Structure formats: C-alpha cells, structure tokens
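Visitor: What follows is a single structure, and I will ask about it in a moment.
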Amino acid sequence: MRALQTTALLASAVGAALMAGLFCAFAYAVMPGLARGDDRSFVQSMQHINRAILNGWFLLPFLLPLPLLVLATVLAAKGHSRGALPWIIAALALYAAAFLVTGTRNVPLNDALDKVPLDAGPARLGEARAAFEDGWVMWNTVRAVLHTASLGVLLWAIHLHGAAKGEAGS
C-alpha cells in the first residue's frame, strides 16, 4: 500500500506542477500578449485556445490528481505516513479549490466567449472582450496560485512520506 500511496502522491505532484505551470504561463505571458491585440484577434485567439485545450494532454493532468489525492488521503488515514496526512489534505483542498475556480469561473467565461461570432461588428467584439478579459485573467491568477500552493504542500507531504519510510526502517 505504501508503494500505491507513493505513486499517487508523485502522480498528483506531476499533475499539480503541469497545471500550475500552464496557468502561470497564461498569467505572465499569454494573456499579456493577447492584451496587446485588437478585439477581434483577442476573441478569435481565445476561442481557438479554449477549443484546442480540451484534449487528453490537458484533461489527464487536470483531472487525475483529484482521485489520486483522495486515495493518498485514505491511505495516510489508515496509517501510511500519518504525519503527511494534514499536508495531503491541504493539497487536496487547494487542488479542489483550483478545480472549482476553473469550473465555476473560467469555463463559463470561455463558453460565453465561444458563442460570439467573429463576424460580429467591432462594438460586439469589444463588448465580448470586456465581459471576458478582466474576470478571466483574475480567476486564472487565482487558480494559478491555488495550483502552485497545492504543489508546494504536496511536495512537503512527499518529503514527510519519504521521511516516514526512513524512520520505519522499511
């Protein structure tokens, strides 16, 4: 069971790291770059990005850490690296919060923007961008911070999990 817990923790850390990196890259590079473009280019680019990102390369590291962190929590509660348990729970709570931000804030904004026809006039494209950009950027930053924090506490949990193995002599 210890090996299963180790695998769950490491795979969760990889997923959290990939999500933190992705959302941080949007915060400090992608969105500032798109902000420099005109309304049509902005709307079109975000529509393309939001459609393209829905693939296995995104969904696997985005979705898999949640059940794996639940599994690691259950195993820790059963006595496998109990000292890591509060940190695993914290990682799970932070990851779940970031997941909820994505689902309740960013995705609805993506869906609304996706409905805007690119042949709409400049005024409609400007309105769509204004309704999207500031809120999406803010919530993206929130989820980037949450994923990064989840990764940080998860790395500490992995450290404690490893230290518990050394203490047990196994």
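Ligands are numbered from 1 in the order shown, chains are lettered A, B, ... in the order of the structure tokens, and residues start at 1 in each chain.
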Which neighbours of Pro108 of chain A fall inside 12 Å, counting only C-alpha atoms, when residues of the same chain fewer than 3 positions from it are skipped, and could you give them as a short mmCIF file (atom, residue, chain, number, x, y, z; two decimals) with N, CA, C and O atoms, in the first residue's frame?

Guide:
```cif
data_model
loop_
_atom_site.label_atom_id
_atom_site.label_comp_id
_atom_site.auth_asym_id
_atom_site.auth_seq_id
_atom_site.Cartn_x
_atom_site.Cartn_y
_atom_site.Cartn_z
N ASN A 50 -9.30 27.93 -26.26
CA ASN A 50 -10.26 27.23 -25.42
C ASN A 50 -10.80 25.97 -26.07
O ASN A 50 -11.16 25.02 -25.38
N LEU A 100 -12.49 23.95 -8.79
CA LEU A 100 -13.78 24.64 -8.73
C LEU A 100 -13.71 26.02 -9.38
O LEU A 100 -14.66 26.43 -10.05
N VAL A 101 -12.62 26.73 -9.18
CA VAL A 101 -12.46 28.03 -9.84
C VAL A 101 -12.53 27.86 -11.35
O VAL A 101 -13.22 28.60 -12.05
N THR A 102 -11.82 26.86 -11.85
CA THR A 102 -11.85 26.61 -13.29
C THR A 102 -13.26 26.33 -13.76
O THR A 102 -13.74 26.92 -14.75
N GLY A 103 -13.96 25.43 -13.07
CA GLY A 103 -15.29 25.03 -13.50
C GLY A 103 -16.37 26.07 -13.32
O GLY A 103 -17.32 26.13 -14.11
N THR A 104 -16.25 26.89 -12.28
CA THR A 104 -17.32 27.84 -11.99
C THR A 104 -17.04 29.26 -12.46
O THR A 104 -17.96 30.08 -12.52
N ARG A 105 -15.80 29.56 -12.76
CA ARG A 105 -15.45 30.92 -13.18
C ARG A 105 -14.89 30.96 -14.60
O ARG A 105 -15.44 31.62 -15.46
N ASP A 111 -17.13 29.65 -22.27
CA ASP A 111 -18.33 29.27 -23.01
C ASP A 111 -19.05 30.48 -23.58
O ASP A 111 -19.53 30.45 -24.72
N ALA A 112 -19.14 31.54 -22.80
CA ALA A 112 -19.80 32.76 -23.28
C ALA A 112 -19.02 33.37 -24.45
O ALA A 112 -19.62 33.78 -25.46
N LEU A 113 -17.72 33.40 -24.34
CA LEU A 113 -16.90 33.97 -25.41
C LEU A 113 -16.98 33.12 -26.67
O LEU A 113 -16.94 33.64 -27.78
N ASP A 114 -17.11 31.81 -26.50
CA ASP A 114 -17.17 30.91 -27.65
C ASP A 114 -18.40 31.17 -28.52
O ASP A 114 -18.39 30.88 -29.72
N LYS A 115 -19.45 31.73 -27.94
CA LYS A 115 -20.69 31.99 -28.67
C LYS A 115 -20.65 33.27 -29.49
O LYS A 115 -21.57 33.53 -30.27
N ALA A 131 -16.39 41.82 -21.36
CA ALA A 131 -17.10 40.94 -20.43
C ALA A 131 -16.24 39.74 -20.03
O ALA A 131 -16.49 39.11 -19.00
N PHE A 132 -15.23 39.45 -20.80
CA PHE A 132 -14.40 38.26 -20.59
C PHE A 132 -13.07 38.54 -19.90
O PHE A 132 -12.72 37.91 -18.90
N GLY A 135 -12.16 39.53 -15.84
CA GLY A 135 -12.59 38.45 -14.94
C GLY A 135 -11.81 37.17 -15.18
O GLY A 135 -11.38 36.50 -14.22
N TRP A 136 -11.60 36.81 -16.44
CA TRP A 136 -10.88 35.58 -16.75
C TRP A 136 -9.45 35.67 -16.26
O TRP A 136 -8.94 34.72 -15.66
N TRP A 139 -9.43 35.32 -12.37
CA TRP A 139 -9.68 33.96 -11.90
C TRP A 139 -8.57 33.01 -12.35
O TRP A 139 -8.26 32.04 -11.64
#
```

Visitor: Could you give me, as a Markdown table, every segment 14-33 of chain A residue with an atom at most 12 Å from segment 85-95 of chain A, plus its closest atom pair and distance in Å to one decimal, counting only C-alpha atoms, rows ordered by chain then number?

Guide:
```
| residue | atom | partner | partner_atom | distance |
| --- | --- | --- | --- | --- |
| A:Gly15 | CA | A:Tyr95 | CA | 10.0 |
| A:Ala16 | CA | A:Tyr95 | CA | 7.5 |
| A:Ala17 | CA | A:Tyr95 | CA | 10.9 |
| A:Met19 | CA | A:Tyr95 | CA | 9.7 |
| A:Ala20 | CA | A:Tyr95 | CA | 10.1 |
```

Visitor: Just want the 8 Å neighbourhood of segment 27-29 of chain A, counted on only C-alpha atoms, with same-chain residues fewer than 3 positions away dropped. Output as JSON, numbers by chain.

Guide: {"A": [23, 24, 32, 33, 137, 140, 141, 144]}

Visitor: Can you list, as number ranges by chain, every protein, DNA or RNA residue that comes within 12 Å of Pro122 of chain A when you count only C-alpha atoms, leaving out same-chain residues fewer than 2 positions away?

Guide: A: 38-43, 116-120, 124-129

Visitor: For Gln5 of chain A, please output as a PyMOL selection string all residues within 8 Å (counting only C-alpha atoms; exclusion window: fewer than 5 positions along the same chain).

Guide: chain A and resi 71-72+75-76+80

Visitor: When distances are computed from only C-alpha atoms, which of A:Leu160, A:Ala13, A:Ala8, A:Leu68 shows the smallest separation from Gly83 of chain A?

Guide: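 The shortest atom-to-atom distance to Gly83 of chain A comes from A:Leu160.
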
Visitor: Compare A:Ile158, A:Ala98, A:Val70, A:Val142 by their minimum atom-to-atom distance to Val14 of chain A, counting only C-alpha atoms, and give me the closest one.

Guide: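 Result for the nearest residue to Val14 of chain A: A:Ile158.
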
Visitor: Quote the spacing between atom CA of Met138 of chain A and atom CA of Asn106 of chain A in Å to one decimal place.

Guide: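 Taking atom CA of Met138 of chain A and atom CA of Asn106 of chain A, their separation equals 9.4 Å.
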
Visitor: Mind giving me the straight-line distance from atom CA of Leu63 of chain A to atom CA of His159 of chain A in Å, one decimal?

Guide: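 Distance reported for this atom pair: 23.4 Å.
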
Visitor: Could you work out how far atom CA of Asn110 of chain A lies from atom CA of Ala35 of chain A, giving the answer in Å with one decimal?

Guide: 16.0 Å

Visitor: Measuring between only C-alpha atoms, which one of A:Ser12, A:Trp156, A:Leu146, A:Thr6 shows the shortest distance to Leu60 of chain A?

Guide: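 Checking each candidate against Leu60 of chain A, we get A:Ser12 as the closest.
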
Visitor: Identify which of the residues A:Pro65, A:Leu109, A:Phe99, A:Arg82 lies closest to Gln47 of chain A, counting only C-alpha atoms when measuring atom-to-atom distances.

Guide: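 Looking only at the distances to Gln47 of chain A, the closest residue turns out to be A:Leu109.
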